[in-house]
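Participant: So here's data.cif, just mmCIF, C-alpha atoms:
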```cif
data_protein
loop_
_atom_site.label_atom_id
_atom_site.label_comp_id
_atom_site.auth_asym_id
_atom_site.auth_seq_id
_atom_site.Cartn_x
_atom_site.Cartn_y
_atom_site.Cartn_z
CA MET A 1 0.00 0.00 0.00
CA ILE A 2 1.20 3.46 -0.88
CA THR A 3 1.17 6.10 1.85
CA VAL A 4 2.10 9.77 1.98
CA GLN A 5 5.49 8.72 3.36
CA HIS A 6 6.29 6.91 0.11
CA TRP A 7 5.56 10.05 -1.87
CA LEU A 8 7.65 12.25 0.40
CA VAL A 9 10.63 9.91 0.26
CA LEU A 10 10.39 9.82 -3.53
CA SER A 11 10.12 13.61 -3.66
CA GLY A 12 13.09 13.97 -1.31
CA MET A 13 15.20 11.61 -3.41
CA VAL A 14 14.46 13.48 -6.63
CA PHE A 15 15.10 16.81 -4.90
CA THR A 16 18.47 15.54 -3.68
CA LEU A 17 19.36 14.44 -7.21
CA GLY A 18 18.54 17.95 -8.44
CA LEU A 19 20.66 19.43 -5.65
CA CYS A 20 23.58 17.21 -6.68
CA GLY A 21 23.05 18.31 -10.28
CA VAL A 22 23.28 22.00 -9.34
CA MET A 23 26.49 21.41 -7.46
CA MET A 24 28.04 18.94 -9.87
CA ARG A 25 27.38 20.35 -13.33
CA ARG A 26 29.29 23.32 -14.66
CA ASN A 27 27.21 23.98 -17.77
CA VAL A 28 24.76 26.76 -16.89
CA ILE A 29 21.97 25.11 -18.91
CA LEU A 30 22.41 21.86 -16.99
CA VAL A 31 22.38 23.80 -13.73
CA MET A 32 19.02 25.30 -14.71
CA MET A 33 17.68 21.87 -15.65
CA SER A 34 18.67 20.65 -12.19
CA VAL A 35 16.76 23.55 -10.65
CA GLU A 36 13.73 22.43 -12.68
CA ILE A 37 14.16 18.91 -11.27
CA MET A 38 14.08 20.35 -7.76
CA LEU A 39 10.93 22.37 -8.51
CA ASN A 40 9.32 19.26 -9.94
CA ALA A 41 10.11 17.29 -6.79
CA ALA A 42 8.50 20.05 -4.73
CA ASN A 43 5.41 19.86 -6.96
CA LEU A 44 5.18 16.14 -6.27
CA ALA A 45 5.32 16.76 -2.51
CA LEU A 46 2.62 19.46 -2.79
CA VAL A 47 0.23 17.18 -4.65
CA ALA A 48 0.95 14.29 -2.25
CA PHE A 49 0.17 16.53 0.74
CA ASN A 50 -2.97 17.73 -1.01
CA LYS A 51 -4.17 14.15 -1.28
CA HIS A 52 -3.15 13.45 2.30
CA LEU A 53 -4.98 16.48 3.74
CA ALA A 54 -8.05 16.54 1.49
CA PRO A 55 -9.10 12.91 1.20
CA VAL A 56 -12.73 13.77 0.46
CA ALA A 57 -13.57 16.27 -2.27
CA GLY A 58 -15.47 19.33 -1.15
CA THR A 59 -14.34 19.34 2.48
CA VAL A 60 -10.98 20.99 1.86
CA PRO A 61 -10.20 23.04 -1.28
CA PRO A 62 -7.44 21.55 -3.44
CA ASP A 63 -4.93 24.18 -2.31
CA GLY A 64 -1.92 21.97 -2.98
CA GLN A 65 -2.87 21.44 -6.61
CA VAL A 66 -3.61 25.15 -7.13
CA LEU A 67 -0.18 25.94 -5.68
CA VAL A 68 1.39 23.58 -8.22
CA PHE A 69 -0.18 25.70 -10.98
CA PHE A 70 1.58 28.74 -9.61
CA THR A 71 4.91 26.92 -9.32
CA ILE A 72 4.65 25.76 -12.92
CA ALA A 73 3.86 29.30 -14.13
CA VAL A 74 6.74 30.80 -12.13
CA ALA A 75 9.09 28.04 -13.36
CA ALA A 76 8.14 28.76 -16.98
CA ALA A 77 8.80 32.49 -16.56
CA GLU A 78 12.07 31.83 -14.75
CA VAL A 79 13.31 29.41 -17.41
CA ALA A 80 12.56 31.84 -20.24
CA VAL A 81 14.56 34.67 -18.65
CA ALA A 82 17.38 32.40 -17.43
CA LEU A 83 17.84 30.82 -20.85
CA VAL A 84 18.11 34.26 -22.48
CA ILE A 85 20.78 35.14 -19.93
CA ALA A 86 22.61 31.90 -20.83
CA MET A 87 22.42 32.82 -24.52
CA LEU A 88 23.76 36.33 -23.86
CA LEU A 89 26.56 34.77 -21.83
CA PHE A 90 27.47 32.60 -24.79
CA ARG A 91 27.20 35.51 -27.22
CA ARG A 92 29.40 37.86 -25.19
CA LEU A 93 31.87 35.55 -23.43
CA ASP A 94 31.69 32.48 -25.68
CA THR A 95 31.19 30.17 -22.72
CA VAL A 96 28.39 28.54 -20.77
CA ASN A 97 30.65 27.28 -18.00
CA VAL A 98 29.65 28.80 -14.67
CA ASP A 99 33.28 28.69 -13.47
CA ASP A 100 34.29 31.13 -16.21
CA VAL A 101 31.69 33.67 -15.11
CA ALA A 102 32.88 34.45 -11.60
CA ASN A 103 33.18 38.24 -11.85
CA LEU A 104 30.71 38.87 -9.05
CA ARG A 105 32.28 36.33 -6.75
CA TRP A 106 34.07 37.69 -3.72
CA MET B 1 -2.35 -2.55 -9.14
CA GLU B 2 -1.93 0.99 -7.87
CA ALA B 3 1.14 -0.01 -5.90
CA LEU B 4 2.64 -1.66 -8.98
CA VAL B 5 2.15 1.47 -11.08
CA PHE B 6 3.62 3.56 -8.26
CA TRP B 7 6.79 1.49 -8.02
CA ILE B 8 7.31 1.40 -11.79
CA ALA B 9 6.73 5.12 -12.25
CA ALA B 10 8.78 6.06 -9.18
CA ALA B 11 11.69 3.91 -10.31
CA ALA B 12 11.46 5.43 -13.79
CA MET B 13 11.38 8.96 -12.38
CA VAL B 14 14.45 8.44 -10.17
CA ALA B 15 16.37 6.59 -12.91
CA PHE B 16 15.67 9.19 -15.60
CA THR B 17 16.49 12.03 -13.21
CA LEU B 18 19.79 10.35 -12.41
CA LEU B 19 20.53 9.96 -16.12
CA THR B 20 19.62 13.65 -16.64
CA ILE B 21 22.21 14.92 -14.23
CA ALA B 22 24.78 12.30 -15.23
CA ALA B 23 24.62 12.40 -19.04
CA ARG B 24 27.67 13.99 -20.66
CA ASN B 25 25.84 15.34 -23.70
CA PRO B 26 23.34 18.11 -22.80
CA VAL B 27 20.95 16.94 -25.53
CA TYR B 28 20.77 13.51 -23.91
CA SER B 29 20.18 15.22 -20.57
CA ALA B 30 17.20 17.08 -22.01
CA CYS B 31 15.75 13.90 -23.55
CA PHE B 32 16.07 11.98 -20.28
CA MET B 33 14.43 14.89 -18.49
CA ILE B 34 11.40 14.67 -20.81
CA LEU B 35 11.09 10.97 -19.88
CA SER B 36 11.38 11.85 -16.20
CA PHE B 37 8.56 14.39 -16.60
CA ALA B 38 6.43 11.72 -18.30
CA ALA B 39 6.96 9.45 -15.26
CA THR B 40 6.03 12.38 -13.00
CA ALA B 41 2.80 12.89 -14.94
CA ALA B 42 1.94 9.21 -14.35
CA LEU B 43 2.56 9.74 -10.63
CA PHE B 44 0.27 12.78 -10.64
CA VAL B 45 -2.50 10.62 -12.12
CA LEU B 46 -1.97 8.18 -9.26
CA LEU B 47 -2.44 11.11 -6.85
CA ASP B 48 -5.80 11.95 -8.51
CA ALA B 49 -4.34 15.19 -9.94
CA TYR B 50 -5.52 14.67 -13.51
CA LEU B 51 -5.38 18.29 -14.62
CA ILE B 52 -1.91 18.74 -13.09
CA ALA B 53 -0.75 15.63 -14.97
CA ALA B 54 -1.96 17.12 -18.26
CA VAL B 55 -0.35 20.48 -17.49
CA GLU B 56 2.90 18.72 -16.57
CA VAL B 57 3.07 17.09 -19.99
CA LEU B 58 1.98 20.21 -21.89
CA VAL B 59 4.03 22.85 -20.10
CA TYR B 60 7.02 20.99 -18.66
CA ALA B 61 7.66 18.12 -21.06
CA GLY B 62 6.41 20.21 -23.99
CA ALA B 63 7.09 23.93 -23.76
CA ILE B 64 9.91 24.19 -21.21
CA MET B 65 11.95 21.30 -22.58
CA VAL B 66 11.63 22.58 -26.16
CA LEU B 67 13.01 25.89 -24.86
CA PHE B 68 15.92 24.05 -23.24
CA LEU B 69 16.64 22.05 -26.40
CA PHE B 70 16.53 25.22 -28.50
CA VAL B 71 19.12 26.95 -26.34
CA ILE B 72 21.31 23.82 -26.13
CA MET B 73 21.32 23.65 -29.94
CA LEU B 74 21.92 27.42 -30.29
CA VAL B 75 24.84 27.32 -27.89
CA ASN B 76 26.12 24.24 -29.75
CA LEU B 77 28.94 23.06 -27.52
CA ARG B 78 31.97 21.50 -29.10
CA GLU B 79 32.49 17.86 -28.20
CA SER B 80 35.53 18.64 -26.05
CA GLU B 81 33.49 20.92 -23.84
CA HIS B 82 31.19 18.14 -22.69
CA GLU B 83 32.10 18.06 -19.06
CA GLY B 84 32.74 15.07 -16.89
CA LEU B 85 31.19 14.68 -13.49
CA ARG B 86 33.00 16.01 -10.49
CA LEU B 87 32.23 14.76 -7.02
CA ASN B 88 33.26 16.98 -4.19
CA PRO B 89 32.92 16.33 -0.45
CA LEU B 90 30.80 19.43 0.12
CA MET B 91 28.20 18.09 -2.31
CA VAL B 92 28.02 14.69 -0.62
CA LEU B 93 27.68 16.48 2.74
CA ALA B 94 24.84 18.71 1.52
CA ALA B 95 22.94 15.86 -0.13
CA GLY B 96 23.42 13.60 2.91
CA THR B 97 22.23 16.30 5.31
CA PHE B 98 19.15 16.97 3.22
CA LEU B 99 18.25 13.28 3.00
CA ALA B 100 18.74 12.86 6.76
CA LEU B 101 16.49 15.86 7.53
CA MET B 102 13.93 14.59 5.07
CA SER B 103 13.77 11.09 6.55
CA ARG B 104 13.50 12.61 10.05
CA ALA B 105 10.56 14.74 8.91
CA VAL B 106 8.88 11.75 7.26
CA LYS B 107 9.24 9.74 10.48
CA ASP B 108 7.48 12.55 12.39
CA LEU B 109 4.41 12.20 10.20
CA GLY B 110 3.09 9.43 12.40
CA PRO B 111 1.64 6.06 11.45
CA ALA B 112 1.05 5.33 7.80
CA VAL B 113 -2.56 5.64 6.66
CA GLN B 114 -3.98 4.05 3.56
CA GLU B 115 -4.80 6.71 0.98
CA THR B 116 -8.14 6.18 -0.68
CA PRO B 117 -8.51 7.05 -4.36
CA ASN B 118 -10.74 10.06 -4.86
CA THR B 119 -11.50 10.92 -8.45
CA LEU B 120 -13.19 14.23 -7.62
CA VAL B 121 -10.24 16.16 -6.15
CA GLY B 122 -8.26 16.79 -9.31
CA THR B 123 -11.06 17.58 -11.74
CA PRO B 124 -10.72 20.79 -13.78
CA GLY B 125 -14.05 22.03 -12.39
CA LEU B 126 -13.08 21.91 -8.73
CA LEU B 127 -9.62 23.33 -9.44
CA ALA B 128 -11.11 26.18 -11.48
CA ASP B 129 -13.61 26.97 -8.71
CA THR B 130 -10.74 27.29 -6.23
CA LEU B 131 -8.43 29.13 -8.61
CA PHE B 132 -11.00 31.75 -9.60
CA SER B 133 -12.46 32.36 -6.13
CA ARG B 134 -9.90 32.02 -3.35
CA TYR B 135 -6.84 32.51 -5.51
CA VAL B 136 -8.02 35.09 -8.01
CA VAL B 137 -5.55 37.78 -6.86
CA PRO B 138 -2.45 35.52 -7.09
CA PHE B 139 -3.80 34.33 -10.43
CA GLU B 140 -3.84 37.89 -11.79
CA ALA B 141 -0.40 38.50 -10.28
CA VAL B 142 0.91 35.49 -12.22
CA SER B 143 -0.36 36.99 -15.47
CA GLY B 144 1.63 40.14 -14.63
CA LEU B 145 4.69 37.99 -13.90
CA LEU B 146 4.41 36.20 -17.24
CA LEU B 147 4.05 39.52 -19.06
CA ALA B 148 7.15 40.83 -17.27
CA ALA B 149 9.04 37.66 -18.25
CA ILE B 150 8.03 38.05 -21.91
CA LEU B 151 9.09 41.71 -21.99
CA GLY B 152 12.33 40.94 -20.15
CA THR B 153 13.19 38.16 -22.59
CA VAL B 154 12.55 40.33 -25.63
CA VAL B 155 14.56 43.25 -24.24
CA LEU B 156 17.46 41.01 -23.23
CA ALA B 157 17.60 39.00 -26.44
CA ARG B 158 17.39 41.97 -28.81
CA ARG B 159 20.66 42.80 -30.49
CA LYS B 160 21.80 46.38 -30.12
CA GLU B 161 21.87 47.14 -33.87
CA ASP B 162 18.16 46.26 -34.23
CA ALA B 163 17.19 49.06 -31.89
#
```
Now that the file is in, can you turn its structure into structure tokens?
Facilitator:
Amino acid sequence: MITVQHWLVLSGMVFTLGLCGVMMRRNVILVMMSVEIMLNAANLALVAFNKHLAPVAGTVPPDGQVLVFFTIAVAAAEVAVALVIAMLLFRRLDTVNVDDVANLRW
Amino acid sequence: MEALVFWIAAAAMVAFTLLTIAARNPVYSACFMILSFAATAALFVLLDAYLIAAVEVLVYAGAIMVLFLFVIMLVNLRESEHEGLRLNPLMVLAAGTFLALMSRAVKDLGPAVQETPNTLVGTPGLLADTLFSRYVVPFEAVSGLLLAAILGTVVLARRKEDA
């Protein structure tokens, strides 16, 4: 039988994989894809909690699922802007390696 | 039956996510990520979130991944620039800490309860009722955010000589 714990462990595992991706990859596009993986894991946890807390329709509004809509919209907007920044980076500096773009680093 | 689908889809999601972050070629990464989103959509169906599952396929696996593939192809890395994977201790520490915190939190949830399938929670009608009554202000704010993102993208991507 599948319980909310199963879903949370799965979500946590996928989130950790995304975290490793952000820290491991040096290509800025791959880093952004890893951020998307993390957002997706959070979406999974939100929907799982929604099912856990609103087992009968009508008693509790599906807040978790509505929140997932907002995350998806914000993720889409974020990806569009971030990918343009990656393209500008490539156009100006001819690199997409995050280690080569460390001007703002202390 | 439900448990079987859960285990298959969960295993597929974790495996494809792992392949996404581990693949050397960014194009392969993007393709594996599409498969991982497909597995996630199956999991959303299991959670009775039918509309979310459809949106996941349309927006994530469709629109966002096409955007990623476009930029990967535009940037067009030379073969030598495909990076290898680097493991560093800090990363293992961060991932381990997160997993430990997560398992602690899951343990605090109390005894496991059987989830009953409920086909009414994820219907477009109920979601729309909630979205357009309780959440109508955030909904309008999101439309402003998307407009800002569109304008920002156009302004950033425009070459100077076109102006």
Participant: When you get a sec, could you note down which chain A residues fall within 8 Å of chain B, using all atoms listed in the file, as a PyMOL selection string?
Facilitator: chain A and resi 1-5+8-10+12-14+16-21+23-27+29-30+33-34+37+44+47-48+51-52+54-58+61-63+65-66+68-70+72-74+76-81+83-85+87-88+90
Participant: Find the residue from A:Asn40, A:Asn103, A:Thr71, A:Asn97 that sits nearest to Ala39 (chain B); use only C-alpha atoms when measuring.
Facilitator: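 That would be A:Asn40, the residue with the smallest distance to Ala39 (chain B).
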Participant: Between CA of Cys31 (chain B) and CA of Ala42 (chain A), what is the distance, to one decimal in Å?
Facilitator: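 Between CA of Cys31 (chain B) and CA of Ala42 (chain A) the gap works out to 21.1 Å.
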Participant: How many Å lie between CA of Ala54 (chain B) and CA of Pro124 (chain B), rounded to one decimal?
Facilitator: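 Interatomic distance here is 10.5 Å.
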Participant: Calculate how many Å separate CA of Val35 (chain A) from CA of Ser11 (chain A), rounding to one decimal.
Facilitator: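 Between CA of Val35 (chain A) and CA of Ser11 (chain A) the gap works out to 13.8 Å.
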